[in-house]
Structure formats: C-alpha cells, structure tokens
$ cat my_file23.pdb   # PDB, C-alpha atoms
ATOM      1  CA  MET J  84     -18.541 -13.258 -29.929
ATOM      2  CA  SER J  85     -19.153 -16.984 -29.538
ATOM      3  CA  LEU J  86     -22.209 -19.079 -30.348
ATOM      4  CA  LEU J  87     -22.902 -22.622 -29.223
ATOM      5  CA  TYR J  88     -25.439 -24.184 -31.566
ATOM      6  CA  CYS J  89     -27.268 -27.091 -29.944
ATOM      7  CA  ASP J  90     -29.787 -29.692 -31.062
ATOM      8  CA  THR J  91     -31.083 -32.819 -29.360
ATOM      9  CA  GLU J  92     -33.061 -35.941 -30.026
ATOM     10  CA  THR J  93     -34.953 -36.984 -26.918
ATOM     11  CA  THR J  94     -36.786 -39.995 -25.496
ATOM     12  CA  GLY J  95     -39.930 -37.882 -25.065
ATOM     13  CA  PHE J  96     -41.221 -34.345 -24.922
ATOM     14  CA  SER J  97     -40.982 -33.310 -21.260
ATOM     15  CA  PRO J  98     -37.712 -33.150 -19.300
ATOM     16  CA  LYS J  99     -39.652 -34.461 -16.296
ATOM     17  CA  ASP J 100     -39.599 -37.987 -17.716
ATOM     18  CA  SER J 101     -37.514 -37.801 -20.885
ATOM     19  CA  ALA J 102     -33.952 -36.850 -21.769
ATOM     20  CA  PRO J 103     -31.620 -36.448 -24.737
ATOM     21  CA  PHE J 104     -30.055 -39.563 -26.204
ATOM     22  CA  GLU J 105     -28.292 -37.550 -28.909
ATOM     23  CA  ILE J 106     -26.822 -34.066 -28.485
ATOM     24  CA  ALA J 107     -25.027 -32.180 -31.247
ATOM     25  CA  PHE J 108     -23.099 -28.936 -30.847
ATOM     26  CA  ILE J 109     -21.398 -26.499 -33.183
ATOM     27  CA  PHE J 110     -19.207 -23.960 -31.422
ATOM     28  CA  VAL J 111     -18.565 -20.860 -33.553
ATOM     29  CA  SER J 112     -16.342 -17.976 -32.501
ATOM     30  CA  THR J 113     -15.034 -14.855 -34.166
ATOM     31  CA  THR J 114     -11.863 -13.377 -32.716
ATOM     32  CA  LYS J 115     -11.247  -9.659 -32.344
ATOM     33  CA  ASP J 116      -9.168  -9.704 -35.522
ATOM     34  CA  GLY J 117     -12.011 -11.356 -37.468
ATOM     35  CA  GLN J 118     -10.675 -14.897 -37.508
ATOM     36  CA  LYS J 119     -13.424 -17.552 -37.435
ATOM     37  CA  TYR J 120     -13.154 -20.762 -35.456
ATOM     38  CA  GLU J 121     -15.612 -23.667 -35.574
ATOM     39  CA  VAL J 122     -15.813 -26.965 -33.692
ATOM     40  CA  LYS J 123     -18.449 -29.674 -34.159
ATOM     41  CA  LYS J 124     -19.110 -32.256 -31.484
ATOM     42  CA  GLY J 125     -21.764 -34.928 -31.056
ATOM     43  CA  PHE J 126     -22.688 -37.253 -28.218
ATOM     44  CA  ARG J 127     -24.888 -40.340 -28.006
ATOM     45  CA  LEU J 128     -25.887 -41.739 -24.662
ATOM     46  CA  ASN J 129     -28.436 -43.919 -22.920
ATOM     47  CA  PRO J 130     -30.306 -41.770 -20.359
ATOM     48  CA  LEU J 131     -33.047 -44.330 -19.643
ATOM     49  CA  ASN J 132     -33.658 -45.247 -16.012
ATOM     50  CA  ASP J 133     -36.529 -45.530 -13.528
ATOM     51  CA  THR J 134     -37.482 -41.869 -14.129
ATOM     52  CA  ILE J 135     -36.439 -41.261 -17.733
ATOM     53  CA  LYS J 136     -38.702 -43.255 -20.033
ATOM     54  CA  TYR J 137     -38.882 -44.077 -23.718
ATOM     55  CA  HIS J 138     -42.052 -42.610 -25.234
ATOM     56  CA  GLU J 139     -43.388 -44.198 -28.412
ATOM     57  CA  GLN J 140     -44.767 -40.844 -29.590
ATOM     58  CA  ALA J 141     -41.237 -39.411 -29.727
ATOM     59  CA  CYS J 142     -40.161 -42.352 -31.874
ATOM     60  CA  LEU J 143     -42.627 -41.202 -34.505
ATOM     61  CA  THR J 144     -40.480 -38.071 -34.858
ATOM     62  CA  HIS J 145     -36.933 -39.439 -34.824
ATOM     63  CA  GLY J 146     -37.457 -43.136 -35.583
ATOM     64  CA  VAL J 147     -34.877 -44.370 -33.064
ATOM     65  CA  THR J 148     -35.949 -47.476 -31.162
ATOM     66  CA  GLU J 149     -35.636 -48.044 -27.437
ATOM     67  CA  GLU J 150     -33.324 -50.981 -28.159
ATOM     68  CA  THR J 151     -30.963 -48.710 -30.102
ATOM     69  CA  ILE J 152     -30.915 -46.103 -27.332
ATOM     70  CA  ARG J 153     -30.157 -48.787 -24.749
ATOM     71  CA  SER J 154     -27.138 -49.822 -26.843
ATOM     72  CA  TYR J 155     -25.535 -46.367 -26.407
ATOM     73  CA  PRO J 156     -22.988 -45.721 -23.625
ATOM     74  CA  PRO J 157     -24.614 -45.024 -20.238
ATOM     75  CA  ALA J 158     -25.258 -41.367 -19.445
ATOM     76  CA  ASN J 159     -22.889 -41.343 -16.470
ATOM     77  CA  ALA J 160     -20.014 -42.290 -18.799
ATOM     78  CA  VAL J 161     -20.818 -39.563 -21.354
ATOM     79  CA  ILE J 162     -21.712 -36.628 -19.075
ATOM     80  CA  PRO J 163     -18.027 -35.972 -18.142
ATOM     81  CA  GLN J 164     -17.210 -35.713 -21.869
ATOM     82  CA  ILE J 165     -20.038 -33.222 -22.395
ATOM     83  CA  LYS J 166     -18.863 -31.236 -19.379
ATOM     84  CA  SER J 167     -15.299 -31.130 -20.736
ATOM     85  CA  PHE J 168     -16.538 -29.897 -24.119
ATOM     86  CA  LEU J 169     -18.739 -27.215 -22.528
ATOM     87  CA  LYS J 170     -15.821 -26.076 -20.385
ATOM     88  CA  SER J 171     -13.686 -25.589 -23.505
ATOM     89  CA  CYS J 172     -16.516 -23.640 -25.139
ATOM     90  CA  SER J 173     -17.009 -21.444 -22.080
ATOM     91  CA  LYS J 174     -13.343 -20.483 -22.326
ATOM     92  CA  GLY J 175     -13.744 -19.804 -26.041
ATOM     93  CA  TYR J 176     -11.035 -22.356 -26.860
ATOM     94  CA  GLY J 177      -8.625 -19.616 -25.816
ATOM     95  CA  LEU J 178      -9.889 -17.271 -28.541
ATOM     96  CA  CYS J 179     -12.593 -15.386 -26.630
ATOM     97  CA  PRO J 180     -12.049 -16.339 -22.986
ATOM     98  CA  GLU J 181     -13.750 -13.212 -21.682
ATOM     99  CA  GLU J 182     -17.286 -14.257 -22.641
ATOM    100  CA  LYS J 183     -19.418 -17.364 -22.461
ATOM    101  CA  PRO J 184     -21.083 -18.506 -25.692
ATOM    102  CA  TYR J 185     -24.724 -17.840 -26.507
ATOM    103  CA  LEU J 186     -26.695 -21.093 -26.692
ATOM    104  CA  THR J 187     -28.279 -21.069 -30.142
ATOM    105  CA  GLY J 188     -30.734 -23.295 -31.976
ATOM    106  CA  TYR J 189     -34.092 -23.798 -33.614
ATOM    107  CA  CYS J 190     -36.730 -23.548 -30.846
ATOM    108  CA  ILE J 191     -33.749 -23.534 -28.498
ATOM    109  CA  ASP J 192     -35.823 -23.550 -25.321
ATOM    110  CA  PHE J 193     -36.785 -27.200 -25.888
ATOM    111  CA  ASP J 194     -33.143 -28.291 -26.221
ATOM    112  CA  TYR J 195     -31.980 -26.037 -23.396
ATOM    113  CA  ARG J 196     -34.502 -27.439 -20.914
ATOM    114  CA  HIS J 197     -33.650 -31.044 -21.797
ATOM    115  CA  VAL J 198     -29.867 -30.632 -21.718
ATOM    116  CA  LYS J 199     -30.028 -28.542 -18.530
ATOM    117  CA  LYS J 200     -32.100 -31.196 -16.717
ATOM    118  CA  LEU J 201     -29.949 -34.072 -17.967
ATOM    119  CA  LEU J 202     -26.762 -32.424 -16.746
ATOM    120  CA  GLU J 203     -28.368 -31.415 -13.431
ATOM    121  CA  ASP J 204     -29.273 -35.055 -12.812
ATOM    122  CA  TYR J 205     -25.520 -35.776 -12.839
ATOM    123  CA  GLY J 206     -24.428 -32.755 -10.821
ATOM    124  CA  VAL J 207     -23.426 -30.478 -13.703
ATOM    125  CA  SER J 208     -24.837 -26.969 -14.203
ATOM    126  CA  LEU J 209     -25.221 -26.019 -17.866
ATOM    127  CA  ASN J 210     -25.599 -22.353 -16.892
ATOM    128  CA  ASN J 211     -21.993 -22.313 -15.672
ATOM    129  CA  TYR J 212     -20.846 -22.663 -19.274
ATOM    130  CA  ILE J 213     -23.207 -20.514 -21.346
ATOM    131  CA  SER J 214     -24.463 -16.938 -21.457
ATOM    132  CA  PRO J 215     -27.815 -16.275 -19.750
ATOM    133  CA  ARG J 216     -29.096 -15.022 -23.117
ATOM    134  CA  HIS J 217     -30.094 -17.644 -25.681
ATOM    135  CA  LEU J 218     -30.559 -17.059 -29.413
ATOM    136  CA  ASP J 219     -33.487 -18.710 -31.183
ATOM    137  CA  VAL J 220     -33.110 -19.154 -34.941
ATOM    138  CA  LEU J 221     -36.905 -19.447 -35.226
ATOM    139  CA  LYS J 222     -37.127 -15.762 -34.243
ATOM    140  CA  GLN J 223     -34.670 -14.938 -37.028
ATOM    141  CA  VAL J 224     -36.879 -16.900 -39.438
ATOM    142  CA  HIS J 225     -40.005 -15.024 -38.302
ATOM    143  CA  SER J 226     -38.153 -11.748 -38.807
ATOM    144  CA  ALA J 227     -37.115 -12.815 -42.317
ATOM    145  CA  LYS J 228     -40.675 -13.811 -43.128
ATOM    146  CA  ALA J 229     -42.027 -10.470 -41.867
ATOM    147  CA  ARG J 230     -39.548  -8.667 -44.128
ATOM    148  CA  GLY J 231     -40.671 -10.663 -47.171
ATOM    149  CA  ILE J 232     -37.446 -12.653 -47.524
ATOM    150  CA  LEU J 233     -39.280 -15.952 -46.972
ATOM    151  CA  ARG J 234     -42.384 -14.894 -48.865
ATOM    152  CA  GLY J 235     -44.713 -17.771 -49.651
ATOM    153  CA  ILE J 236     -43.513 -20.395 -47.197
ATOM    154  CA  GLU J 237     -46.373 -22.401 -45.717
ATOM    155  CA  ASP J 238     -44.933 -22.644 -42.211
ATOM    156  CA  CYS J 239     -41.736 -21.918 -40.308
ATOM    157  CA  ARG J 240     -40.670 -25.504 -39.629
ATOM    158  CA  GLN J 241     -36.966 -26.063 -40.091
ATOM    159  CA  GLU J 242     -37.495 -28.461 -43.012
ATOM    160  CA  THR J 243     -39.747 -25.972 -44.820
ATOM    161  CA  VAL J 244     -37.285 -23.098 -44.412
ATOM    162  CA  ALA J 245     -34.321 -25.263 -45.454
ATOM    163  CA  GLU J 246     -36.143 -26.364 -48.599
ATOM    164  CA  PHE J 247     -37.105 -22.775 -49.459
ATOM    165  CA  LEU J 248     -33.480 -21.645 -49.026
ATOM    166  CA  GLU J 249     -32.306 -24.638 -51.110
ATOM    167  CA  ILE J 250     -30.182 -26.053 -48.316
ATOM    168  CA  GLU J 251     -29.132 -29.598 -49.054
ATOM    169  CA  ASN J 252     -31.282 -31.929 -46.974
ATOM    170  CA  ILE J 253     -28.933 -33.270 -44.342
ATOM    171  CA  LYS J 254     -30.571 -36.109 -42.418
ATOM    172  CA  SER J 255     -33.384 -34.416 -40.535
ATOM    173  CA  HIS J 256     -34.472 -35.568 -37.089
ATOM    174  CA  SER J 257     -30.927 -36.442 -36.183
ATOM    175  CA  ALA J 258     -29.284 -33.933 -33.871
ATOM    176  CA  ALA J 259     -26.158 -33.668 -36.040
ATOM    177  CA  GLY J 260     -28.160 -33.157 -39.234
ATOM    178  CA  ASP J 261     -30.586 -30.679 -37.705
ATOM    179  CA  ILE J 262     -27.911 -28.514 -36.112
ATOM    180  CA  THR J 263     -25.962 -28.332 -39.369
ATOM    181  CA  THR J 264     -29.140 -27.245 -41.162
ATOM    182  CA  THR J 265     -29.869 -24.676 -38.451
ATOM    183  CA  ARG J 266     -26.375 -23.236 -38.822
ATOM    184  CA  GLU J 267     -26.851 -22.930 -42.603
ATOM    185  CA  ILE J 268     -30.229 -21.204 -42.199
ATOM    186  CA  THR J 269     -28.641 -18.672 -39.851
ATOM    187  CA  LYS J 270     -25.752 -17.973 -42.227
ATOM    188  CA  ILE J 271     -27.982 -17.517 -45.277
ATOM    189  CA  LEU J 272     -30.454 -15.235 -43.498
ATOM    190  CA  HIS J 273     -27.563 -13.203 -42.060
ATOM    191  CA  GLU J 274     -26.204 -12.749 -45.589
ATOM    192  CA  LYS J 275     -29.663 -11.550 -46.633
ATOM    193  CA  GLY J 276     -29.562  -8.894 -43.912
ATOM    194  CA  VAL J 277     -31.556 -10.629 -41.181
ATOM    195  CA  LYS J 278     -29.383 -10.869 -38.109
ATOM    196  CA  LEU J 279     -29.649 -13.520 -35.419
ATOM    197  CA  TYR J 280     -28.636 -11.120 -32.638
TER     198      TYR J 280
END
$ encode --input "my_file23.pdb" --output "structure tokens"
Amino acid sequence: MSLLYCDTETTGFSPKDSAPFEIAFIFVSTTKDGQKYEVKKGFRLNPLNDTIKYHEQACLTHGVTEETIRSYPPANAVIPQIKSFLKSCSKGYGLCPEEKPYLTGYCIDFDYRHVKKLLEDYGVSLNNYISPRHLDVLKQVHSAKARGILRGIEDCRQETVAEFLEIENIKSHSAAGDITTTREITKILHEKGVKLY
C-alpha cells in the first residue's frame, strides 16, 4: 500500500482565484515483504497571474508576502517537475507498481482541490496519478478523540493535536513543516490503535 501525504500553502482560500505557492509531499510505501520506503519532496512556485491573485487574508495564516511568492520560479517551469514526481509515485517507485497511492493529509480536500486545479491549468490531471480514494488525517483524529485517546483537547486543529501528542513543533504554516507533523500524528495514532484506513 502506498500513501502520498500532501500539504500546501496557497495565495488564498478558493481555487477559483488562488493557487499553491508551496507544495510538500511525503510518499510512503510498504512492499509485500514489509519493507518501508519513504521519499520527501517539496516545490515552491509563483502561480500568480491575471486570474490567480494574492489575498492578504491568506498572508495572515502563512506570513509569506506577495513579493516573496513572485520571487519563486514561475509555475510553468515547476509543473513538469511536479508531474515527474507524481508519475514516480503512481508507479510506486517500482515497489508497488500495481496501485496508485492514496492522497493523504490534514483536511486533505482543501489541498486536493488546489493542487488539482493548479495542475489542470497547465494540462496535467492529478487524478491520473492518485487513487480515487483520499485519506483525511482529521478523520483519524476525530476517531481517536471519540475513543478517548485525545481526551481533553480543546479542538482538533493540527497544532493542538501535535502539542497534545508531544510532537516537536516543526515550523507550522509551511507546507514542509505541516506535512511532517501530519505524518507524525498518523504514525502515533496508528501505534495507539487508531488506523488511518
């Protein structure tokens, strides 16, 4: 089985007029003989154009300025790299070529919709490289809370859960930091008997 963890930082909140400027992935696969394989990959790009805008409200979340985003490589130069990475993941890096990975993340629908739209704008279909079924770590967290494993947490935000589980605070509101934290939450809850899938 293969998982493709994904997290984004975006220029806004709706894929209609915003897009990712940072995308982080962790590909995790377990072979039939139990061998684990993990690849981390991150991309920064400038998606801004006449349609994709920089929204000040989003900056309040991630703190990245429009000037910084405009300094990143243009989207059309980075999309082929993302496509190449996704193609390798869809073939399981030769370990599990018979199945496409499950896109996985914290509130994964937000990231999925943004990455899907970004790639579509450049003629690439994300769905060609991933399983139709996505795995949301937030659902795993809700399950853990219902079973009393996260008893007493005030909310189910990623930062709150990470603090409760004593996960070292890796830079939050960066795609690379958030996806690493998400992966750790999944692993710890799995060890406590709460499965992601």
$ residues_around --input "my_file23.pdb" --residues "range 150-160 of chain J" --least-positions-apart "5" --cutoff "9 Å" --atoms "only C-alpha atoms" --output "number ranges by chain"
J: 94, 104, 127-131, 137, 201, 205
$ resolve_selection --input "my_file23.pdb" --expression "the PyMOL selection byres ((chain J and resi 114) around 9)" --output "ChimeraX atom specification"
/J:84-85,112-113,115-120,178-179
$ residues_near_point --input "my_file23.pdb" --point "(-26.8, -12.8, -31.9)" --cutoff "10 Å" --atoms "only C-alpha atoms" --output "PyMOL selection string"
chain J and resi 84-86+185-187+216-220+223+278-280
$ resolve_selection --input "my_file23.pdb" --expression "the PyMOL selection byres ((chain J and resi 143-145) around 8)" --output "list in words"
Glu92, Glu139, Gln140, Ala141, Cys142, Gly146, Val147, His256 and Ser257 of chain J
$ closest_residue --input "my_file23.pdb" --among "J:Asn210, J:Gln241, J:Ser101, J:Thr148" --to "Tyr195 in chain J" --atoms "only C-alpha atoms"
J:Asn210
